[in-house]
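Content type mmCIF, C-alpha atoms, from the file start-v2.cif:
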data_entry
#
loop_
_atom_site.label_atom_id
_atom_site.label_comp_id
_atom_site.auth_asym_id
_atom_site.auth_seq_id
_atom_site.Cartn_x
_atom_site.Cartn_y
_atom_site.Cartn_z
CA MET L 1 47.67 -0.54 -45.78
CA VAL L 2 44.74 -0.21 -43.52
CA PHE L 3 41.75 -2.50 -43.98
CA LEU L 4 38.85 -0.33 -42.93
CA SER L 5 36.15 -2.80 -43.95
CA PHE L 6 37.70 -5.61 -41.85
CA VAL L 7 35.96 -4.26 -38.78
CA ASN L 8 32.58 -4.96 -40.36
CA CYS L 9 33.47 -8.57 -40.95
CA MET L 10 34.33 -9.23 -37.30
CA ARG L 11 31.89 -11.18 -35.12
CA VAL L 12 29.87 -8.81 -33.00
CA LYS L 13 29.46 -10.10 -29.47
CA GLY L 14 26.82 -7.54 -28.44
CA PRO L 15 26.76 -5.46 -25.29
CA ASP L 16 28.78 -6.41 -22.27
CA LYS L 17 26.98 -9.08 -20.24
CA PHE L 18 28.15 -7.55 -16.98
CA TRP L 19 26.67 -4.14 -17.63
CA LYS L 20 23.42 -5.59 -18.92
CA ARG L 21 23.04 -7.54 -15.69
CA ARG L 22 24.19 -4.61 -13.65
CA GLN L 23 21.26 -2.61 -15.05
CA ILE L 24 18.76 -5.17 -13.72
CA LEU L 25 20.56 -5.74 -10.40
CA LYS L 26 20.51 -2.01 -9.73
CA LEU L 27 16.69 -2.09 -9.90
CA ALA L 28 16.73 -5.07 -7.51
CA ALA L 29 19.13 -3.42 -5.05
CA HIS L 30 16.47 -2.91 -2.36
CA PHE L 31 14.97 -6.41 -2.56
CA TYR L 32 15.35 -9.01 0.17
CA GLY L 33 17.46 -12.17 -0.05
CA ARG L 34 18.82 -13.77 -3.21
CA LYS L 35 16.39 -11.69 -5.28
CA ARG L 36 18.94 -8.91 -4.80
CA ASN L 37 22.13 -10.73 -5.83
CA CYS L 38 21.35 -13.64 -8.16
CA TYR L 39 20.57 -12.43 -11.66
CA SER L 40 18.25 -15.24 -12.74
CA ILE L 41 16.07 -14.69 -9.66
CA ALA L 42 16.42 -10.91 -9.73
CA ILE L 43 15.21 -10.57 -13.34
CA ARG L 44 11.93 -12.30 -12.46
CA SER L 45 11.21 -10.14 -9.44
CA VAL L 46 12.25 -6.96 -11.24
CA GLN L 47 9.84 -7.70 -14.05
CA LYS L 48 7.06 -8.36 -11.54
CA ALA L 49 7.93 -5.19 -9.63
CA LEU L 50 7.74 -3.13 -12.81
CA GLN L 51 4.32 -4.65 -13.55
CA HIS L 52 3.15 -3.66 -10.06
CA ALA L 53 4.52 -0.16 -10.56
CA ALA L 54 2.65 0.22 -13.85
CA TYR L 55 -0.56 -0.95 -12.18
CA GLY L 56 0.06 1.39 -9.24
CA ARG L 57 0.38 4.43 -11.49
CA LYS L 58 -3.14 3.79 -12.72
CA VAL L 59 -4.66 2.98 -9.33
CA LYS L 60 -3.07 6.01 -7.66
CA LYS L 61 -5.11 8.35 -9.85
CA LEU L 62 -8.36 6.47 -9.18
CA GLU L 63 -7.76 6.44 -5.44
CA ARG L 64 -7.15 10.16 -5.38
CA ILE L 65 -10.35 10.80 -7.32
CA ASN L 66 -12.25 8.61 -4.84
CA LEU L 67 -10.72 10.50 -1.91
CA TRP L 68 -11.78 13.86 -3.39
CA LYS L 69 -15.27 12.47 -3.95
CA GLU L 70 -15.48 11.35 -0.32
CA ARG L 71 -14.28 14.72 0.92
CA ILE L 72 -16.71 16.68 -1.25
CA THR L 73 -19.55 14.36 -0.21
CA ALA L 74 -18.72 14.99 3.46
CA ALA L 75 -18.76 18.75 2.90
CA CYS L 76 -22.00 18.49 0.93
CA GLU L 77 -23.68 16.56 3.73
CA GLU L 78 -22.82 19.30 6.20
CA LEU L 79 -24.52 21.81 3.90
CA ASN L 80 -27.44 19.49 3.18
CA ILE L 81 -27.03 19.17 -0.58
CA PRO L 82 -26.45 15.86 -2.38
CA TYR L 83 -23.12 15.39 -4.16
CA PRO L 84 -24.57 14.56 -7.62
CA LEU L 85 -26.82 17.63 -7.47
CA LEU L 86 -23.84 19.89 -6.73
CA MET L 87 -21.66 18.50 -9.52
CA GLU L 88 -24.44 18.50 -12.10
CA ASN L 89 -25.52 22.06 -11.41
CA LEU L 90 -21.98 23.44 -11.26
CA ALA L 91 -21.48 21.99 -14.73
CA ARG L 92 -24.72 23.60 -15.90
CA CYS L 93 -23.51 26.95 -14.53
CA ASP L 94 -20.24 26.54 -16.52
CA ILE L 95 -18.26 26.55 -13.26
CA ALA L 96 -15.45 24.27 -14.39
CA LEU L 97 -13.82 23.42 -11.05
CA SER L 98 -12.14 20.04 -10.71
CA LYS L 99 -12.85 17.64 -7.87
CA LYS L 100 -9.41 18.39 -6.42
CA THR L 101 -10.12 22.12 -6.32
CA LEU L 102 -13.55 21.59 -4.79
CA ALA L 103 -12.10 19.32 -2.10
CA ASP L 104 -9.41 21.90 -1.32
CA LEU L 105 -12.01 24.65 -1.14
CA ALA L 106 -14.13 22.52 1.20
CA ILE L 107 -11.17 22.22 3.59
CA TRP L 108 -9.44 25.58 3.37
CA GLU L 109 -12.22 27.91 2.21
CA PRO L 110 -15.47 26.48 3.57
CA ARG L 111 -17.38 29.71 2.97
CA THR L 112 -16.42 29.76 -0.71
CA PHE L 113 -17.57 26.16 -0.92
CA LYS L 114 -20.84 27.07 0.74
CA CYS L 115 -21.39 29.81 -1.87
CA LEU L 116 -20.83 27.25 -4.63
CA THR L 117 -23.43 24.92 -3.10
CA GLN L 118 -25.89 27.82 -2.92
CA ILE L 119 -25.30 28.65 -6.57
CA ALA L 120 -25.89 25.00 -7.45
CA ALA L 121 -29.09 24.97 -5.39
CA ALA L 122 -30.30 28.18 -7.07
CA LYS L 123 -29.53 26.75 -10.51
CA ASN L 124 -31.40 23.58 -9.63
CA GLN L 125 -34.33 25.76 -8.61
CA SER L 126 -34.31 28.00 -11.70
CA TYR L 127 -34.11 25.15 -14.22
CA PRO L 128 -35.60 22.26 -12.31
CA PRO L 129 -35.06 18.90 -13.95
CA THR L 130 -37.70 17.36 -11.68
CA VAL L 131 -41.04 18.39 -10.30
CA LYS L 132 -39.73 17.84 -6.76
CA ALA L 133 -37.04 20.51 -7.20
CA ALA L 134 -39.58 23.00 -8.55
CA LEU L 135 -41.79 22.56 -5.48
CA GLN L 136 -38.98 23.31 -3.02
CA PRO L 137 -38.51 26.90 -1.83
CA PRO L 138 -35.64 28.82 -3.45
CA PRO L 139 -32.40 29.00 -1.40
CA GLU L 140 -32.05 32.07 0.80
CA GLY L 141 -29.42 34.73 0.26
CA VAL L 142 -28.74 34.04 -3.42
CA ILE L 143 -29.46 36.99 -5.72
CA THR L 144 -29.46 35.77 -9.30
CA ARG L 145 -31.41 38.57 -11.08
CA GLY L 146 -32.44 35.91 -13.59
CA MET L 147 -28.89 35.56 -14.85
CA LEU L 148 -28.30 31.96 -13.83
CA MET M 1 13.24 21.70 9.89
CA ASN M 2 10.14 22.23 12.01
CA ARG M 3 9.04 25.82 11.87
CA PRO M 4 6.94 27.16 14.71
CA ILE M 5 3.40 28.17 13.77
CA SER M 6 1.47 31.07 15.21
CA THR M 7 -0.70 30.64 18.26
CA TYR M 8 -3.88 31.13 16.24
CA LYS M 9 -2.90 28.52 13.67
CA ARG M 10 -1.91 26.08 16.40
CA VAL M 11 -5.25 26.39 18.16
CA GLN M 12 -7.03 26.14 14.82
CA GLN M 13 -5.24 22.87 14.17
CA TRP M 14 -6.24 21.52 17.58
CA ALA M 15 -9.81 22.45 16.84
CA VAL M 16 -9.76 20.77 13.42
CA PHE M 17 -8.23 17.52 14.63
CA GLY M 18 -10.00 17.43 17.99
CA ARG M 19 -12.31 14.50 18.54
CA LEU M 20 -16.02 15.19 18.79
CA TRP M 21 -18.50 13.07 20.71
CA PHE M 22 -21.84 12.30 19.10
CA LEU M 23 -24.97 10.92 20.70
CA PHE M 24 -27.18 8.49 18.78
CA ASP M 25 -30.55 7.28 19.96
CA ALA M 26 -31.08 3.76 18.61
CA LYS M 27 -34.73 3.57 19.66
CA TRP M 28 -36.81 1.90 16.93
CA GLN M 29 -33.97 2.16 14.42
CA ASN M 30 -32.77 -0.49 12.01
CA PRO M 31 -29.38 -1.52 13.50
CA PHE M 32 -27.88 -2.48 10.14
CA ASP M 33 -28.69 0.84 8.49
CA SER M 34 -27.66 2.74 11.64
CA ALA M 35 -24.38 0.81 11.76
CA GLU M 36 -23.32 2.18 8.38
CA LYS M 37 -23.99 5.72 9.53
CA ILE M 38 -22.20 5.16 12.85
CA ALA M 39 -19.22 3.58 11.06
CA LYS M 40 -18.98 6.66 8.86
CA TYR M 41 -18.64 8.87 11.93
CA LEU M 42 -16.17 6.49 13.60
CA ALA M 43 -13.95 6.63 10.51
CA GLY M 44 -14.30 10.42 10.16
CA LYS M 45 -15.84 10.22 6.69
CA HIS M 46 -18.27 13.00 7.61
CA LYS M 47 -15.41 15.54 7.59
CA PRO M 48 -13.90 17.20 4.50
CA ILE M 49 -10.41 16.59 5.94
CA TYR M 50 -10.94 12.83 5.84
CA HIS M 51 -8.03 10.61 4.91
CA PRO M 52 -7.90 6.90 5.74
CA LEU M 53 -4.47 7.21 7.34
CA SER M 54 -5.02 10.38 9.35
CA ASP M 55 -6.78 9.53 12.56
CA VAL M 56 -9.79 11.87 12.37
CA GLY M 57 -12.64 9.63 13.54
CA ASP M 58 -15.07 10.74 16.22
CA HIS M 59 -16.64 9.05 19.23
CA VAL M 60 -20.22 7.84 19.07
CA VAL M 61 -22.29 7.13 22.17
CA VAL M 62 -25.34 5.01 21.36
CA ILE M 63 -28.23 4.86 23.81
CA ASN M 64 -31.39 2.73 23.96
CA THR M 65 -29.88 -0.22 22.12
CA LYS M 66 -32.44 -2.46 23.83
CA ASP M 67 -35.12 -0.81 21.67
CA ILE M 68 -33.59 -1.51 18.25
CA ALA M 69 -36.02 -2.64 15.55
CA LEU M 70 -34.92 -5.42 13.22
CA PRO M 71 -36.69 -5.50 9.84
CA ASN M 72 -39.10 -8.25 8.77
CA LYS M 73 -38.46 -11.58 10.52
CA GLU M 74 -34.81 -10.89 11.31
CA TRP M 75 -35.21 -11.47 15.05
CA ARG M 76 -36.02 -15.09 14.35
CA TYR M 77 -34.07 -15.85 11.19
CA ARG M 78 -30.81 -13.87 11.56
CA MET M 79 -28.23 -16.33 12.90
CA TYR M 80 -24.92 -15.53 14.56
CA TYR M 81 -22.35 -18.27 13.99
CA HIS M 82 -19.62 -19.25 16.40
CA HIS M 83 -17.13 -22.09 16.36
CA THR M 84 -15.14 -23.06 19.43
CA GLY M 85 -12.38 -24.69 17.34
CA PHE M 86 -13.04 -28.17 18.70
CA ALA M 87 -14.82 -30.88 16.73
CA GLY M 88 -18.57 -30.35 16.77
CA GLY M 89 -18.05 -26.96 18.35
CA SER M 90 -20.21 -24.92 15.98
CA SER M 91 -23.20 -23.06 17.29
CA TRP M 92 -25.84 -20.79 15.80
CA THR M 93 -27.53 -18.18 17.94
CA SER M 94 -30.58 -16.35 16.66
CA ALA M 95 -30.80 -12.58 16.99
CA TRP M 96 -33.49 -12.63 19.69
CA GLU M 97 -31.42 -15.03 21.81
CA LEU M 98 -28.32 -12.88 21.45
CA HIS M 99 -30.36 -9.79 22.32
CA ASN M 100 -31.63 -11.50 25.47
CA LYS M 101 -28.06 -12.28 26.53
CA ASP M 102 -26.60 -8.85 25.77
CA GLN M 103 -28.76 -5.95 24.63
CA THR M 104 -25.87 -4.16 22.91
CA LYS M 105 -24.44 -7.13 21.04
CA VAL M 106 -26.57 -7.02 17.85
CA LEU M 107 -25.67 -3.39 17.18
CA TRP M 108 -22.03 -4.00 18.15
CA LYS M 109 -21.73 -6.78 15.61
CA ALA M 110 -23.49 -4.71 12.94
CA VAL M 111 -21.07 -1.80 13.46
CA TYR M 112 -18.11 -4.19 13.56
CA LYS M 113 -19.12 -5.49 10.15
CA ALA M 114 -19.79 -2.01 8.76
CA CYS M 115 -16.33 -0.79 9.82
CA GLY M 116 -14.76 -2.93 7.09
CA GLY M 117 -11.85 -5.32 7.29
CA SER M 118 -8.94 -2.93 7.63
CA LEU M 119 -6.47 -2.75 10.51
CA LEU M 120 -8.11 0.51 11.60
CA ARG M 121 -11.26 -1.34 12.65
CA HIS M 122 -10.06 -2.09 16.17
CA ASN M 123 -9.36 1.56 16.94
CA MET M 124 -12.66 2.57 15.39
CA MET M 125 -14.57 0.14 17.61
CA GLU M 126 -12.77 1.54 20.66
CA ARG M 127 -14.51 4.84 19.93
CA LEU M 128 -17.97 3.27 20.02
CA HIS M 129 -19.82 3.35 23.34
CA LEU M 130 -23.02 1.32 23.57
CA PHE M 131 -25.61 1.54 26.33
CA PRO M 132 -28.78 -0.57 26.57
CA ASP M 133 -30.82 2.28 28.10
CA ASP M 134 -30.51 6.05 28.32
CA LYS M 135 -28.30 6.02 31.41
CA ILE M 136 -24.81 7.27 30.47
CA PRO M 137 -21.91 7.68 32.91
CA GLN M 138 -21.37 11.30 33.87
CA GLU M 139 -17.80 11.43 32.52
CA LEU M 140 -19.03 10.42 29.05
CA MET M 141 -21.99 12.78 29.20
CA GLU M 142 -19.63 15.70 29.78
CA ASN M 143 -17.82 14.99 26.49
CA ILE M 144 -20.90 14.85 24.26
CA SER M 145 -21.25 17.95 22.12
CA ASP M 146 -23.64 16.95 19.33
CA HIS M 147 -26.11 14.30 18.26
CA MET M 148 -26.58 12.28 15.10
CA LYS M 149 -29.93 12.46 13.37
CA GLN M 150 -32.01 9.30 13.58
CA LEU M 151 -32.58 7.50 10.29
CA ARG M 152 -36.29 7.11 10.95
CA PRO M 153 -38.55 9.32 13.05
CA VAL M 154 -39.91 7.61 16.18
CA PRO M 155 -43.71 7.77 15.94
CA LYS M 156 -45.59 9.11 18.92
CA ALA M 157 -48.00 6.75 20.68
CA LEU M 158 -51.60 7.80 21.22
CA HIS M 159 -51.22 7.91 25.00
CA GLU M 160 -48.34 10.40 24.64
CA TYR M 161 -50.61 13.07 23.13
CA THR M 162 -52.43 15.42 25.45
CA GLU M 163 -56.21 15.54 25.62
CA GLU M 164 -56.18 18.92 23.91
CA GLU M 165 -54.10 17.71 20.94
CA ILE M 166 -56.40 14.73 20.39
CA LYS M 167 -59.45 16.99 20.60
CA ASN M 168 -58.07 19.49 18.08
CA PHE M 169 -56.83 16.85 15.63
CA PRO M 170 -58.42 17.49 12.21
CA LYS M 171 -61.18 15.05 11.36
CA VAL M 172 -62.69 14.15 8.02
CA PHE M 173 -66.11 13.49 9.55
CA GLU M 174 -67.81 13.20 12.93
CA TRP M 175 -69.20 9.91 14.14
CA PRO M 176 -72.96 10.03 14.61
CA GLU M 177 -73.94 10.29 18.27
CA ASP M 178 -75.75 6.98 18.34
CA TYR M 179 -72.87 5.08 16.68
CA VAL M 180 -71.18 2.53 18.96
CA LEU M 181 -67.45 2.23 18.23
CA ASN M 182 -66.71 -0.90 20.23
#

How would this structure read if it were set down as C-alpha cells?
Amino acid sequence: MVFLSFVNCMRVKGPDKFWKRRQILKLAAHFYGRKRNCYSIAIRSVQKALQHAAYGRKVKKLERINLWKERITAACEELNIPYPLLMENLARCDIALSKKTLADLAIWEPRTFKCLTQIAAAKNQSYPPTVKAALQPPPEGVITRGML
Amino acid sequence: MNRPISTYKRVQQWAVFGRLWFLFDAKWQNPFDSAEKIAKYLAGKHKPIYHPLSDVGDHVVVINTKDIALPNKEWRYRMYYHHTGFAGGSSWTSAWELHNKDQTKVLWKAVYKACGGSLLRHNMMERLHLFPDDKIPQELMENISDHMKQLRPVPKALHEYTEEEIKNFPKVFEWPEDYVLN
C-alpha cells in the first residue's frame, strides 16, 4: 500500500539554504573584500546597492531631461530666443516635439531648429501674451498667411 | 571595430570639437555676473553639443580687468579669507586691497567660484586668460576668433563726443542768453 497523504504530513524545511545564499552572493560578486564572500555582510551591501540602483533609475531620467534643457537653451541663445518662449509657443502651435527631439535637431539639423524658433517667434508675434511682444517687429522670412 | 569616416565628416568633426577663443572686455562690468557668463563658455554650455564629460569648453581671454566695477560697497566690504594653517594664521583681505596687489585676482576668484566644485574646474580655469589692460601677447591674439557681448554697455564720457555731436544733440529748451550756468 502506498500512503500518498504521508508526504503532506512531513516537515517542510523550505528552500535550500545554499541556493538562497547563492542568489544574494551572485549579486555581490563584483564587490570588494568580505562583502563579496561573507553572506551576512553581503546581504547588507546588496540591499543597499539595490536601493542605490532604484534611486539611480529615477535620477537618470531627470539628468537626461536637464541635459536636453541645457542643450536647447544653448541653441536658443545662439538664435536669440529665450528657451521658455520657444517651448510655450511650440506648444501653442501644436508642434508636439519632445525635448530629446529638439536637442537632437539642434545638434544634427540646426537649420530645422532655426525654422522652429522662427515659427515660435511668429506665433508669439501673432498672439502676443504681453504688450512687449506686440511692439516688437515680426520675424523676417516667415510667411504665415494668417494660418498660425 | 573602428570604421573609417569620410574626409568631409572627419573635417566636420574637427570643426565641431575645435576650441574657439573668445575675447571679453571687463571694463566697467560686474565681475560676479561676468564670471557666470565666462564660466558658461569655459564649460562649453553655450554649445548644443554640450555634455559635462565631453571636453567641449572654449578659451576666454579677458582684458581690462583693472577696470572692473564692483556693485554697491563691495570694494570695501567684500572680504577674502585665507588661513595659513598655523595658529592665529587667519587673514581677511578686502577687495580693494586684493585689487591693488593683483588686478586680475578678483575676477579670477569670481570665475573660480562660478566654475563649480567639480573635478573639471582645474581644466576650465586653465582655459581662462586674464590681462589687467588691453595688451595681449601676439600668440594669444592670433587665436582669438570672436568676442563675448558685455553684460552692460559702457557709457560714453562727455569728452569722448565730438563738438559736432554735442552741438546737434536734441535739446528740450535753450538756455536764455543772459543765464549764467556756473

Practice prompt. For the structure shown, which residues end up in the PyMOL selection byres ((chain M) within 8 of (chain L))? Put them as a PyMOL selection string, please?
Written response: chain M and resi 45-51

Practice prompt. State, in Å with one decimal place, the distance from CA of Ala110 in chain M to CA of Met141 in chain M.
Written response: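 Between CA of Ala110 in chain M and CA of Met141 in chain M the gap works out to 23.9 Å.
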
With a cut-off of 6 Å, could you pull out the residues of range 8-118 of chain M touching range 125-129 of chain M and give me the nearest pair of atoms for each, distance in Å to one decimal, using only C-alpha atoms, ordered by chain and ascending number, as JSON lines?
{"residue": "M:His59", "atom": "CA", "partner": "M:Arg127", "partner_atom": "CA", "distance": 4.8}
{"residue": "M:Val60", "atom": "CA", "partner": "M:Leu128", "partner_atom": "CA", "distance": 5.2}
{"residue": "M:Val61", "atom": "CA", "partner": "M:His129", "partner_atom": "CA", "distance": 4.7}

With the file shown as input, list the residues that the PyMOL selection byres ((chain M and resi 150) around 9) selects, as a PDB file with C-alpha atoms, in the frame of the given file.
ATOM      1  CA  PHE M  24     -27.180   8.490  18.780  1.00  0.00           C
ATOM      2  CA  ASP M  25     -30.550   7.280  19.960  1.00  0.00           C
ATOM      3  CA  ALA M  26     -31.080   3.760  18.610  1.00  0.00           C
ATOM      4  CA  LYS M  27     -34.730   3.570  19.660  1.00  0.00           C
ATOM      5  CA  GLN M  29     -33.970   2.160  14.420  1.00  0.00           C
ATOM      6  CA  SER M  34     -27.660   2.740  11.640  1.00  0.00           C
ATOM      7  CA  MET M 148     -26.580  12.280  15.100  1.00  0.00           C
ATOM      8  CA  LYS M 149     -29.930  12.460  13.370  1.00  0.00           C
ATOM      9  CA  LEU M 151     -32.580   7.500  10.290  1.00  0.00           C
ATOM     10  CA  ARG M 152     -36.290   7.110  10.950  1.00  0.00           C
ATOM     11  CA  PRO M 153     -38.550   9.320  13.050  1.00  0.00           C
ATOM     12  CA  VAL M 154     -39.910   7.610  16.180  1.00  0.00           C
TER      13      VAL M 154
END

Discussion item. Quick check on the file I pasted: which residues fall under the PyMOL selection byres ((chain M and resi 81-97) around 12)? Write them as a PyMOL selection string.
Written reply: chain M and resi 31+66+68-71+73-80+98-107+109-110

Practice prompt. For CA of Lys99 in chain L and CA of Ile119 in chain L, quote the distance in Å rounded to one decimal.
Written response: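 So the two atoms, CA of Lys99 in chain L and CA of Ile119 in chain L, lie 16.7 Å apart.
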
Practice prompt. Provide the CA of Leu86 in chain L to CA of Ile143 in chain L distance in Å, to one decimal place.
Written response: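 Those two atoms sit 18.0 Å apart.
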
Item to complete: Could you pull out every residue with an atom within 9 Å of (-29.8, 2.8, 28.5), file coordinates, counting only C-alpha atoms, and send them as a ChimeraX atom specification?
Response: /M:62-66,130-136

Expected file contents, prior selection, C-alpha atoms, as a compact mmCIF listing (two decimals), keeping the file's coordinate frame:
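As a result, again.txt now contains:
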# COMPACT_ATOMS: atom_id res chain seq x y z
CA VAL M 62 -25.34 5.01 21.36
CA ILE M 63 -28.23 4.86 23.81
CA ASN M 64 -31.39 2.73 23.96
CA THR M 65 -29.88 -0.22 22.12
CA LYS M 66 -32.44 -2.46 23.83
CA LEU M 130 -23.02 1.32 23.57
CA PHE M 131 -25.61 1.54 26.33
CA PRO M 132 -28.78 -0.57 26.57
CA ASP M 133 -30.82 2.28 28.10
CA ASP M 134 -30.51 6.05 28.32
CA LYS M 135 -28.30 6.02 31.41
CA ILE M 136 -24.81 7.27 30.47

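Each of M:Ile5, M:Val11, M:Leu119, M:Leu23 was checked against Glu142 in chain M using all atoms listed in the file; the smallest atom-to-atom distance is that of M:Leu23.
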
With a distance cut-off of 12 Å and only C-alpha atoms, select the neighbouring residues of Leu50 in chain L, excluding the residue or stretch itself and same-chain residues fewer than 6 positions from it, and output the selection as a PDB file with C-alpha atoms, in the frame of the given file.
ATOM      1  CA  ILE L  24      18.760  -5.170 -13.720  1.00  0.00           C
ATOM      2  CA  LEU L  27      16.690  -2.090  -9.900  1.00  0.00           C
ATOM      3  CA  ALA L  28      16.730  -5.070  -7.510  1.00  0.00           C
ATOM      4  CA  ILE L  43      15.210 -10.570 -13.340  1.00  0.00           C
ATOM      5  CA  ARG L  44      11.930 -12.300 -12.460  1.00  0.00           C
ATOM      6  CA  GLY L  56       0.060   1.390  -9.240  1.00  0.00           C
ATOM      7  CA  ARG L  57       0.380   4.430 -11.490  1.00  0.00           C
TER       8      ARG L  57
END

Fill in: Non-local contacts of Ser40 in chain L (12 Å; all atoms listed in the file; under 5 positions in same chain excluded) as a list in words
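My reading of the contact set: Arg21, Ile24, Leu25, Ala28, Arg34, Lys35, Ser45, Val46 and Gln47 of chain L.
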
Fill in: For Arg22 in chain L: contacts at 12 Å, all atoms listed in the file, fewer than 4 positions along chain excluded, given as number ranges by chain
L: 15-18, 26-29, 36-39, 42-43

Filtering to C-alpha atoms, could you give me those residues as an mmCIF file, in the coordinates of the input?
data_model
loop_
_atom_site.group_PDB
_atom_site.id
_atom_site.type_symbol
_atom_site.label_atom_id
_atom_site.label_comp_id
_atom_site.auth_asym_id
_atom_site.auth_seq_id
_atom_site.Cartn_x
_atom_site.Cartn_y
_atom_site.Cartn_z
ATOM 1 C CA PRO L 15 26.760 -5.460 -25.290
ATOM 2 C CA ASP L 16 28.780 -6.410 -22.270
ATOM 3 C CA LYS L 17 26.980 -9.080 -20.240
ATOM 4 C CA PHE L 18 28.150 -7.550 -16.980
ATOM 5 C CA LYS L 26 20.510 -2.010 -9.730
ATOM 6 C CA LEU L 27 16.690 -2.090 -9.900
ATOM 7 C CA ALA L 28 16.730 -5.070 -7.510
ATOM 8 C CA ALA L 29 19.130 -3.420 -5.050
ATOM 9 C CA ARG L 36 18.940 -8.910 -4.800
ATOM 10 C CA ASN L 37 22.130 -10.730 -5.830
ATOM 11 C CA CYS L 38 21.350 -13.640 -8.160
ATOM 12 C CA TYR L 39 20.570 -12.430 -11.660
ATOM 13 C CA ALA L 42 16.420 -10.910 -9.730
ATOM 14 C CA ILE L 43 15.210 -10.570 -13.340
#

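Residue nearest Leu148 in chain L within the list L:Tyr127, L:Tyr55, L:Phe113, L:Trp19: L:Tyr127 [criterion: smallest interatomic distance, all atoms listed in the file].
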
Discussion item. Neighbouring residues of range 90-94 of chain L were defined as those with any atom within 12 Å, considering only C-alpha atoms; residues of the same chain fewer than 5 positions away were excluded. Please report them as number ranges by chain.
Written reply: L: 83-85, 99, 102, 113, 115-124, 126-129, 144, 147-148

Write range 10-15 of chain L as a PDB file, in the frame of the given file, completed to all heavy atoms.
ATOM      1  N   MET L  10      34.078  -8.583 -38.601  1.00  0.00           N
ATOM      2  CA  MET L  10      34.330  -9.230 -37.300  1.00  0.00           C
ATOM      3  C   MET L  10      33.011  -9.676 -36.662  1.00  0.00           C
ATOM      4  O   MET L  10      31.954  -9.116 -36.919  1.00  0.00           O
ATOM      5  CB  MET L  10      35.025  -8.255 -36.339  1.00  0.00           C
ATOM      6  CG  MET L  10      36.526  -8.164 -36.584  1.00  0.00           C
ATOM      7  SD  MET L  10      37.229  -6.809 -35.669  1.00  0.00           S
ATOM      8  CE  MET L  10      36.845  -7.260 -34.005  1.00  0.00           C
ATOM      9  N   ARG L  11      33.095 -10.710 -35.827  1.00  0.00           N
ATOM     10  CA  ARG L  11      31.890 -11.180 -35.120  1.00  0.00           C
ATOM     11  C   ARG L  11      31.549 -10.195 -33.994  1.00  0.00           C
ATOM     12  O   ARG L  11      32.423  -9.840 -33.192  1.00  0.00           O
ATOM     13  CB  ARG L  11      32.166 -12.570 -34.530  1.00  0.00           C
ATOM     14  CG  ARG L  11      30.948 -13.191 -33.925  1.00  0.00           C
ATOM     15  CD  ARG L  11      31.179 -14.655 -33.673  1.00  0.00           C
ATOM     16  NE  ARG L  11      30.148 -15.138 -32.766  1.00  0.00           N
ATOM     17  CZ  ARG L  11      30.345 -15.312 -31.470  1.00  0.00           C
ATOM     18  NH1 ARG L  11      31.512 -15.098 -30.937  1.00  0.00           N
ATOM     19  NH2 ARG L  11      29.358 -15.757 -30.712  1.00  0.00           N
ATOM     20  N   VAL L  12      30.300  -9.779 -34.030  1.00  0.00           N
ATOM     21  CA  VAL L  12      29.870  -8.810 -33.000  1.00  0.00           C
ATOM     22  C   VAL L  12      29.325  -9.574 -31.811  1.00  0.00           C
ATOM     23  O   VAL L  12      28.414 -10.393 -31.951  1.00  0.00           O
ATOM     24  CB  VAL L  12      28.812  -7.846 -33.568  1.00  0.00           C
ATOM     25  CG1 VAL L  12      28.392  -6.856 -32.506  1.00  0.00           C
ATOM     26  CG2 VAL L  12      29.366  -7.118 -34.777  1.00  0.00           C
ATOM     27  N   LYS L  13      29.878  -9.333 -30.638  1.00  0.00           N
ATOM     28  CA  LYS L  13      29.460 -10.100 -29.470  1.00  0.00           C
ATOM     29  C   LYS L  13      28.293  -9.440 -28.720  1.00  0.00           C
ATOM     30  O   LYS L  13      27.759  -9.995 -27.787  1.00  0.00           O
ATOM     31  CB  LYS L  13      30.648 -10.275 -28.512  1.00  0.00           C
ATOM     32  CG  LYS L  13      31.681 -11.236 -29.064  1.00  0.00           C
ATOM     33  CD  LYS L  13      32.831 -11.387 -28.119  1.00  0.00           C
ATOM     34  CE  LYS L  13      32.569 -12.495 -27.113  1.00  0.00           C
ATOM     35  NZ  LYS L  13      33.772 -12.699 -26.260  1.00  0.00           N
ATOM     36  N   GLY L  14      27.923  -8.219 -29.118  1.00  0.00           N
ATOM     37  CA  GLY L  14      26.820  -7.540 -28.440  1.00  0.00           C
ATOM     38  C   GLY L  14      27.308  -6.800 -27.219  1.00  0.00           C
ATOM     39  O   GLY L  14      28.510  -6.741 -26.959  1.00  0.00           O
ATOM     40  N   PRO L  15      26.374  -6.257 -26.454  1.00  0.00           N
ATOM     41  CA  PRO L  15      26.760  -5.460 -25.290  1.00  0.00           C
ATOM     42  C   PRO L  15      27.405  -6.340 -24.216  1.00  0.00           C
ATOM     43  O   PRO L  15      27.209  -7.559 -24.182  1.00  0.00           O
ATOM     44  CB  PRO L  15      25.444  -4.877 -24.810  1.00  0.00           C
ATOM     45  CG  PRO L  15      24.411  -5.798 -25.331  1.00  0.00           C
ATOM     46  CD  PRO L  15      24.932  -6.326 -26.609  1.00  0.00           C
TER      47      PRO L  15
END
